[in-house]
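One file, target.txt, carrying compact mmCIF, C-alpha atoms:
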# COMPACT_ATOMS: atom_id res chain seq x y z
CA MET V 1 109.84 111.74 94.91
CA LEU V 2 107.71 109.40 92.78
CA LYS V 3 105.60 108.39 95.77
CA THR V 4 104.95 112.03 96.66
CA SER V 5 104.04 112.84 93.08
CA LEU V 6 101.64 109.91 92.89
CA LEU V 7 99.91 110.95 96.08
CA ARG V 8 99.57 114.50 94.78
CA LEU V 9 98.20 113.20 91.51
CA SER V 10 95.64 111.10 93.39
CA GLU V 11 94.24 114.35 94.79
CA SER V 12 94.55 116.37 91.58
CA ASN V 13 91.31 117.05 89.71
CA THR V 14 93.30 117.93 86.61
CA ALA V 15 95.16 114.62 86.64
CA LYS V 16 91.92 112.79 87.37
CA LYS V 17 90.31 114.31 84.28
CA VAL V 18 93.30 113.39 82.11
CA ILE V 19 93.36 109.76 83.24
CA THR V 20 89.65 109.05 83.61
CA ARG V 21 88.87 110.51 80.18
CA ALA V 22 91.56 108.52 78.40
CA PRO V 23 89.99 105.29 77.06
CA ILE V 24 93.17 103.25 77.44
CA SER V 25 93.73 104.29 81.07
CA ARG V 26 90.12 103.61 82.00
CA SER V 27 90.40 100.24 80.25
CA PHE V 28 93.48 99.52 82.36
CA ALA V 29 91.69 100.54 85.55
CA GLN V 30 88.78 98.24 84.70
CA ARG V 31 91.18 95.34 84.87
CA PHE V 32 91.72 95.98 88.58
CA VAL V 33 88.32 97.48 89.54
CA ALA V 34 85.09 95.62 88.77
CA GLY V 35 83.20 98.79 87.81
CA ASP V 36 81.45 101.85 89.18
CA THR V 37 78.28 100.20 90.47
CA LEU V 38 77.21 97.37 92.73
CA ASP V 39 75.67 95.64 89.72
CA ASP V 40 79.11 95.67 88.08
CA ALA V 41 80.63 94.09 91.17
CA LEU V 42 77.89 91.45 91.44
CA ARG V 43 78.41 90.56 87.77
CA ALA V 44 82.14 90.12 88.38
CA ALA V 45 81.44 88.05 91.50
CA ARG V 46 79.14 85.71 89.59
CA GLU V 47 81.77 85.21 86.90
CA LEU V 48 84.42 84.42 89.50
CA ASN V 49 82.08 82.04 91.34
CA ASP V 50 81.46 80.25 88.05
CA GLN V 51 85.24 79.69 87.89
CA GLY V 52 85.24 78.17 91.37
CA LEU V 53 86.65 81.31 93.03
CA THR V 54 85.09 82.98 96.05
CA VAL V 55 84.92 86.75 96.44
CA SER V 56 85.32 89.60 98.91
CA LEU V 57 83.45 92.71 97.77
CA ASP V 58 84.86 96.14 98.62
CA PHE V 59 83.01 99.41 97.98
CA LEU V 60 85.84 101.86 97.41
CA GLY V 61 86.23 104.73 99.83
CA GLU V 62 88.12 105.70 102.97
CA SER V 63 88.74 108.55 105.41
CA VAL V 64 85.29 110.05 104.93
CA LYS V 65 84.85 113.57 106.28
CA SER V 66 81.18 113.66 107.23
CA ARG V 67 78.63 111.58 109.09
CA GLU V 68 76.47 111.60 106.00
CA GLU V 69 79.19 109.95 103.92
CA ALA V 70 79.83 107.36 106.64
CA THR V 71 76.12 106.56 106.90
CA GLU V 72 75.90 106.18 103.13
CA ALA V 73 78.87 103.79 103.21
CA ALA V 74 77.13 101.72 105.90
CA ASP V 75 73.96 101.72 103.79
CA MET V 76 75.96 100.40 100.84
CA ALA V 77 77.56 97.72 103.05
CA VAL V 78 74.11 96.52 104.08
CA GLN V 79 73.00 96.54 100.45
CA ILE V 80 76.02 94.44 99.49
CA ILE V 81 75.21 91.88 102.16
CA GLU V 82 71.58 91.70 101.06
CA SER V 83 72.65 91.31 97.43
CA ILE V 84 75.06 88.48 98.30
CA VAL V 85 72.21 86.56 99.94
CA ARG V 86 69.64 87.44 97.28
CA ASP V 87 71.90 86.31 94.42
CA GLY V 88 73.25 83.25 96.23
CA LEU V 89 76.86 84.39 95.81
CA ASP V 90 79.83 82.80 97.55
CA ALA V 91 81.11 86.12 98.80
CA ASN V 92 81.74 88.26 101.84
CA LEU V 93 82.34 91.94 102.58
CA SER V 94 85.47 94.02 103.19
CA ILE V 95 85.19 97.58 104.49
CA LYS V 96 87.52 100.15 106.02
CA PRO V 97 86.77 101.55 109.49
CA THR V 98 87.56 105.10 108.33
CA GLN V 99 84.93 104.65 105.62
CA LEU V 100 82.40 104.14 108.42
CA GLY V 101 83.50 107.19 110.37
CA LEU V 102 86.43 106.12 112.55
CA ASP V 103 88.12 109.49 112.05
CA ILE V 104 84.89 111.32 112.90
CA ASP V 105 83.82 109.57 116.10
CA GLU V 106 84.71 106.05 117.26
CA ALA V 107 81.31 105.46 118.89
CA PHE V 108 79.56 106.55 115.69
CA CYS V 109 81.83 104.25 113.65
CA ARG V 110 81.01 101.32 115.90
CA GLU V 111 77.28 102.00 115.54
CA ASN V 112 77.67 101.78 111.77
CA ILE V 113 79.67 98.56 112.00
CA GLU V 114 77.17 96.98 114.36
CA ARG V 115 74.36 97.86 111.97
CA VAL V 116 76.20 96.05 109.19
CA LEU V 117 77.04 93.04 111.35
CA GLY V 118 73.50 92.93 112.71
CA ARG V 119 72.06 92.70 109.21
CA ALA V 120 74.56 89.96 108.36
CA ARG V 121 73.37 88.09 111.46
CA GLU V 122 69.70 88.50 110.50
CA LEU V 123 70.35 86.98 107.10
CA GLY V 124 72.08 83.90 108.45
CA ASP V 125 72.45 81.65 111.44
CA GLY V 126 75.81 80.63 112.88
CA GLN V 127 78.06 79.67 110.00
CA GLY V 128 75.46 81.04 107.60
CA GLU V 129 76.15 84.63 108.65
CA ILE V 130 77.86 86.81 106.07
CA PHE V 131 81.44 87.41 107.13
CA VAL V 132 82.63 91.03 107.33
CA ARG V 133 86.31 91.94 107.20
CA LEU V 134 87.53 95.22 108.67
CA ASP V 135 90.33 96.21 106.32
CA MET V 136 93.53 97.46 107.86
CA GLU V 137 94.83 100.89 106.98
CA SER V 138 98.07 102.60 108.00
CA SER V 139 99.78 101.93 111.33
CA ALA V 140 97.94 104.90 112.83
CA TYR V 141 94.80 102.73 112.80
CA THR V 142 96.24 99.32 113.71
CA GLU V 143 95.57 99.33 117.45
CA ARG V 144 92.14 100.91 117.08
CA THR V 145 91.13 98.33 114.49
CA VAL V 146 92.43 95.31 116.42
CA ALA V 147 90.83 96.58 119.63
CA LEU V 148 87.57 97.19 117.77
CA VAL V 149 87.47 93.57 116.60
CA GLU V 150 88.12 92.39 120.16
CA ALA V 151 85.31 94.58 121.49
CA LEU V 152 82.88 93.39 118.84
CA TRP V 153 83.67 89.76 119.60
CA ALA V 154 83.14 90.42 123.30
CA ASP V 155 79.66 91.67 122.41
CA GLY V 156 78.86 88.53 120.44
CA TYR V 157 79.67 89.62 116.88
CA GLN V 158 81.82 86.71 115.79
CA ASN V 159 81.34 87.12 112.05
CA VAL V 160 83.93 89.89 111.94
CA GLY V 161 87.68 89.68 111.41
CA THR V 162 90.49 91.89 110.22
CA VAL V 163 93.77 92.21 108.33
CA LEU V 164 97.28 92.12 109.78
CA GLN V 165 100.37 93.54 108.08
CA SER V 166 103.59 91.56 108.46
CA MET V 167 105.79 94.57 107.79
CA LEU V 168 104.73 96.08 111.14
CA ARG V 169 106.96 95.16 114.06
CA ARG V 170 103.89 94.66 116.24
CA ALA V 171 102.34 92.08 113.91
CA ASP V 172 103.54 89.01 115.88
CA ASP V 173 101.67 90.23 118.95
CA ASP V 174 98.59 91.07 116.89
CA VAL V 175 98.59 87.56 115.44
CA GLU V 176 98.59 86.13 118.96
CA ARG V 177 95.73 88.43 119.98
CA MET V 178 93.60 87.28 117.06
CA LEU V 179 94.50 83.63 117.67
CA ALA V 180 93.44 83.95 121.30
CA LEU V 181 90.21 85.58 120.19
CA GLY V 182 89.46 83.09 117.41
CA ALA V 183 88.88 85.80 114.81
CA ARG V 184 89.64 85.29 111.15
CA VAL V 185 92.76 87.03 109.83
CA ARG V 186 93.80 88.07 106.35
CA LEU V 187 97.59 88.21 106.39
CA VAL V 188 99.24 90.72 104.06
CA LYS V 189 102.75 92.11 103.80
CA GLY V 190 101.51 95.69 103.98
CA ALA V 191 101.83 98.37 101.33
CA TYR V 192 101.78 101.61 103.31
CA GLN V 193 104.86 103.76 103.68
CA GLU V 194 105.69 103.45 107.37
CA PRO V 195 108.51 104.81 109.54
CA GLU V 196 111.30 102.42 110.45
CA SER V 197 110.32 102.73 114.10
CA VAL V 198 107.13 100.75 113.47
CA ALA V 199 107.92 98.74 110.34
CA TYR V 200 110.73 96.67 108.85
CA PRO V 201 112.56 98.72 106.23
CA ASP V 202 113.86 95.68 104.35
CA LYS V 203 111.67 93.42 102.23
CA ALA V 204 113.59 90.34 103.36
CA ASP V 205 112.64 90.99 106.99
CA THR V 206 109.00 91.46 106.03
CA ASP V 207 109.05 88.23 104.03
CA ARG V 208 110.53 86.29 106.96
CA ALA V 209 107.95 87.73 109.33
CA TYR V 210 105.15 86.91 106.88
CA VAL V 211 106.18 83.25 106.59
CA ASP V 212 106.50 82.84 110.37
CA GLN V 213 103.10 84.45 110.99
CA MET V 214 101.55 82.48 108.13
CA LYS V 215 102.65 79.21 109.71
CA ARG V 216 101.22 80.22 113.10
CA LEU V 217 97.89 81.02 111.47
CA LEU V 218 97.83 77.89 109.31
CA GLU V 219 98.40 75.68 112.36
CA ASN V 220 96.22 77.48 114.87
CA GLY V 221 94.07 80.06 113.12
CA ASN V 222 90.38 80.24 112.27
CA TYR V 223 90.28 79.84 108.48
CA PRO V 224 93.17 82.25 107.78
CA ALA V 225 93.52 84.06 104.47
CA ILE V 226 97.01 83.99 102.97
CA ALA V 227 96.86 87.14 100.87
CA THR V 228 99.85 87.34 98.55
CA HIS V 229 100.89 87.10 94.91
CA ASP V 230 104.43 86.12 95.92
CA GLU V 231 104.92 82.68 94.42
CA ALA V 232 107.83 81.86 96.74
CA ILE V 233 105.60 82.41 99.78
CA ILE V 234 102.71 80.55 98.17
CA ASP V 235 105.03 77.59 97.57
CA ALA V 236 106.18 77.79 101.20
CA ALA V 237 102.55 77.62 102.31
CA ARG V 238 101.86 74.63 100.09
CA ARG V 239 104.89 72.77 101.44
CA PHE V 240 104.02 73.59 105.04
CA VAL V 241 100.42 72.37 104.88
CA TRP V 242 101.53 69.20 103.10
CA GLU V 243 104.25 68.47 105.70
CA ARG V 244 101.90 69.15 108.64
CA GLY V 245 98.88 67.43 107.17
CA ILE V 246 96.81 70.62 107.24
CA ALA V 247 93.62 70.34 105.19
CA LYS V 248 93.41 72.56 102.12
CA GLU V 249 89.85 73.53 103.04
CA SER V 250 90.99 74.96 106.41
CA PHE V 251 92.42 78.14 104.84
CA GLU V 252 92.35 80.17 101.65
CA PHE V 253 94.65 82.09 99.39
CA GLN V 254 93.55 85.61 98.52
CA MET V 255 94.51 87.75 95.54
CA LEU V 256 93.44 91.04 94.02
CA TYR V 257 90.93 91.29 91.21
CA GLY V 258 92.80 91.36 87.91
CA VAL V 259 96.18 90.36 89.36
CA ARG V 260 97.71 86.96 88.49
CA ARG V 261 94.51 85.43 87.25
CA ASP V 262 96.62 82.58 85.87
CA LEU V 263 97.89 81.80 89.37
CA GLN V 264 94.41 82.07 90.87
CA THR V 265 93.14 79.47 88.41
CA ARG V 266 96.11 77.15 88.91
CA LEU V 267 95.75 77.13 92.70
CA ARG V 268 92.03 76.45 92.43
CA GLU V 269 92.70 73.56 90.06
CA GLU V 270 95.11 72.15 92.66
CA GLY V 271 92.25 72.05 95.16
CA TYR V 272 93.01 75.17 97.21
CA ASN V 273 90.37 77.70 98.18
CA VAL V 274 91.02 81.01 96.42
CA ARG V 275 89.20 84.26 97.17
CA VAL V 276 89.43 87.32 94.94
CA TYR V 277 89.28 90.80 96.45
CA VAL V 278 86.89 92.73 94.18
CA PRO V 279 86.81 96.54 94.58
CA PHE V 280 84.16 98.67 92.89
CA GLY V 281 82.88 102.24 92.91
CA ASP V 282 83.46 105.50 91.13
CA SER V 283 86.47 106.21 93.35
CA TRP V 284 88.59 103.92 91.19
CA TYR V 285 91.00 106.69 90.19
CA PRO V 286 92.30 107.51 93.69
CA TYR V 287 92.20 103.79 94.56
CA LEU V 288 94.47 102.89 91.66
CA MET V 289 96.82 105.84 92.15
CA ARG V 290 97.10 105.26 95.88
CA ARG V 291 97.88 101.60 95.38
CA LEU V 292 100.74 102.65 93.16
CA ALA V 293 101.79 105.37 95.60
CA GLU V 294 101.77 103.02 98.58
CA ARG V 295 104.66 101.23 96.95
CA PRO V 296 105.84 102.58 93.58
CA ALA V 297 107.29 99.16 92.76
CA ASN V 298 103.65 98.14 92.23
CA ILE V 299 103.88 99.89 88.86
CA VAL V 300 106.38 97.32 87.67
CA PHE V 301 104.61 94.53 89.55
CA MET V 302 101.22 95.15 87.92
CA ALA V 303 102.74 95.53 84.48
CA GLY V 304 104.71 92.32 85.01
CA SER V 305 101.58 90.53 86.17
CA ILE V 306 99.82 91.34 82.90
CA ALA V 307 102.88 90.35 80.89
CA ARG V 308 103.12 86.97 82.66
CA GLU V 309 99.47 86.24 81.98
CA ALA V 310 99.90 87.20 78.35
CA LYS V 311 102.84 84.84 78.06
CA ALA V 312 100.91 82.03 79.74
CA ASP V 313 98.09 82.64 77.27
CA GLY V 314 100.44 82.26 74.36
CA LEU V 315 100.26 85.99 73.56
CA LYS V 316 96.76 85.46 72.21
CA LYS V 317 95.52 88.65 73.84
CA PRO V 318 97.49 91.62 72.43
CA ALA V 319 95.57 94.01 74.69
CA MET V 320 97.22 92.37 77.69
CA VAL V 321 100.66 93.07 76.24
CA VAL V 322 99.73 96.69 75.61
CA GLY V 323 98.34 96.95 79.14
CA ALA V 324 101.68 95.86 80.58
CA GLY V 325 103.11 99.24 79.70
CA VAL V 326 100.07 101.45 80.10
CA VAL V 327 100.24 102.31 83.78
CA ALA V 328 103.96 103.01 83.73
CA GLY V 329 103.45 105.25 80.73
CA ILE V 330 100.54 107.13 82.32
CA VAL V 331 102.38 107.70 85.56
CA ALA V 332 105.60 108.72 83.83
CA THR V 333 103.73 111.19 81.61
CA LEU V 334 101.85 112.76 84.50
CA PHE V 335 104.99 112.86 86.59
CA LEU V 336 106.80 114.81 83.87
CA ARG V 337 103.82 117.14 83.46
CA ARG V 338 103.80 117.72 87.19
CA ARG V 339 107.48 118.68 87.15
CA LYS V 340 106.96 121.06 84.23

This structure in structure tokens:
Amino acid sequence: MLKTSLLRLSESNTAKKVITRAPISRSFAQRFVAGDTLDDALRAARELNDQGLTVSLDFLGESVKSREEATEAADMAVQIIESIVRDGLDANLSIKPTQLGLDIDEAFCRENIERVLGRARELGDGQGEIFVRLDMESSAYTERTVALVEALWADGYQNVGTVLQSMLRRADDDVERMLALGARVRLVKGAYQEPESVAYPDKADTDRAYVDQMKRLLENGNYPAIATHDEAIIDAARRFVWERGIAKESFEFQMLYGVRRDLQTRLREEGYNVRVYVPFGDSWYPYLMRRLAERPANIVFMAGSIAREAKADGLKKPAMVVGAGVVAGIVATLFLRRRK
């Protein structure tokens, strides 16, 4: 029921006005979203680079309904790439296929992607090309996205990779397809609500699959991204690379902007590469609500993340303690209003 309510709230203009106009909720959102504009995102990227952290920039948006919107998203993707090069940032780009028109027309979507990849190629040479990650969406898009990466590689675009979700039963096969191709993979557990026919219903099964797939990628992958905030899995990765003599520079950990910044810093200090996924854009409200809706336990997780950082900081930042309860309070309030 909570998931359904959150999804409805993400589409509610009334709820959007309530949340976006409340200073404390917007302040909370700004912890997880760099800002409304590209300049905001570039500022955040520079600050993270100064801390020794690399970045993946994501202009918020998905499932666009018109060719005009998809073209505008492709224009923004090109602008991001040009800004990365202009500002000398250690960053790459993440973008969703549906943001570029996959639901409108696959050929049109591919034209947009090729325009983005082509500009990335023009601005670099070989390893100097800006890397572009096609984000993975629900299981309805998994095969189309994996096949799209394979087709792009076949046409010579080798600065593109994707994301695989360990909770999907097909993920082992998808890992092997990307290993055979040589494409870069970001491995995530997956946050979408999926039917049991295509996904593991139990977290323990997803965790086991994630660790197995992570090891395959660490041993044989092309600079894999281990995207998780799960410290048990992070520790398993650290042990595995130490036991197998795998170089720390051959892979990276990835985490979300504003989540477990203490852990990001600690891993970087230990010599691991850490990349922060930095979303931006004025669509922050549906982004935040959908992230919570994808798995309502994220409400507790995000609040706990802030609380852990506050504790690690010696409770020197009272705002962080307050923030630990903000999102749960906002959602609970709106949920009750919805019921009334």

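Within 8 Å of the file-frame point (81.8, 82.4, 93.6), and using only C-alpha atoms, the polymer residues found are Ala45, Arg46, Glu47, Leu48, Asn49, Asp50, Gln51, Gly52, Leu53, Thr54, Val55, Leu89, Asp90 and Ala91 of chain V.
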
Please build the interface table for region 89-190 of chain V against region 195-204 of chain V with a cut-off of 9 Å, listing for each qualifying residue the nearest atom pair and the distance in Å to one decimal; count only C-alpha atoms, order rows by chain and increasing number, and write it as a tab-separated table.
residue	atom	partner	partner_atom	distance
V:Ser139	CA	V:Val198	CA	7.7
V:Ser166	CA	V:Ala199	CA	8.6
V:Met167	CA	V:Ala199	CA	5.3
V:Leu168	CA	V:Ala199	CA	4.2
V:Arg169	CA	V:Ala199	CA	5.3
V:Arg170	CA	V:Val198	CA	7.4

- Counting all atoms listed in the file, what is within 10 Å of region 246-253 of chain V, bar same-chain residues fewer than 2 positions away, as a PyMOL selection string? chain V and resi 54+184+186-187+217-219+221-229+234+237-238+240-244+255+264+267-268+270-276

- Proximity to Thr71 (chain V) - best of V:Arg121, V:Arg216, V:Arg239, V:Arg110, all atoms listed in the file: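 Of all the options, V:Arg110 lies closest to Thr71 (chain V).
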
- Message: Just checking: using all atoms listed in the file, which residue out of V:Arg208, V:Gln213, V:Arg266, V:Ser66 ends up closest to Ala232 (chain V)?
- Response: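 Under the stated criterion, the closest residue is V:Arg208.
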
- Query: Got a sec: who's within 12 Å of Gly124 (chain V), counting all atoms listed in the file, leaving out chain neighbours fewer than 5 positions off, as a ChimeraX atom specification?
  - Reply: /V:81-82,84-86,117-119,129-131,159

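Note that CA of Val132 (chain V) and CA of Glu68 (chain V) are 21.5 Å apart.
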
- When distances are computed from only C-alpha atoms, which of V:Ala29, V:Arg177, V:Tyr141, V:Glu114 shows the smallest separation from Asp155 (chain V)?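 Answer, going by the shortest atom-to-atom distance: V:Glu114.
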
- Determine, counting only C-alpha atoms, which protein, DNA and RNA residues have an atom within 9 Å of an atom of region 92-102 of chain V; residues of the same chain fewer than 2 positions away are not included. Present the result as a PyMOL selection string. chain V and resi 54-67+69-74+77+80-81+84+89-90+104-110+112-113+130-137+141+144-145+162+277

- Select, from V:Ala147, V:Ile233, V:Arg43, V:Met76, the residue with the minimum atom-to-atom distance to Lys215 (chain V), counting all atoms listed in the file. V:Ile233

- Between V:Asp173, V:Leu38, V:Leu181, V:Gly258, which one has atoms that come closest to Gly156 (chain V), using only C-alpha atoms?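 Selected residue with least distance to Gly156 (chain V): V:Leu181.
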
- What is the CA of Asp40 (chain V) to CA of Phe280 (chain V) distance in Å?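 Going from CA of Asp40 (chain V) over to CA of Phe280 (chain V), I get 7.6 Å.
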
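Atom pair CA of Val163 (chain V) / CA of Phe32 (chain V): separated by 20.2 Å.
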
- Item | Closest of V:Ser138, V:Ser83, V:Thr265, V:Asn220 to Ala183 (chain V) - atom-to-atom distances counting only C-alpha atoms |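 Smallest separation from Ala183 (chain V) among the options: V:Asn220.
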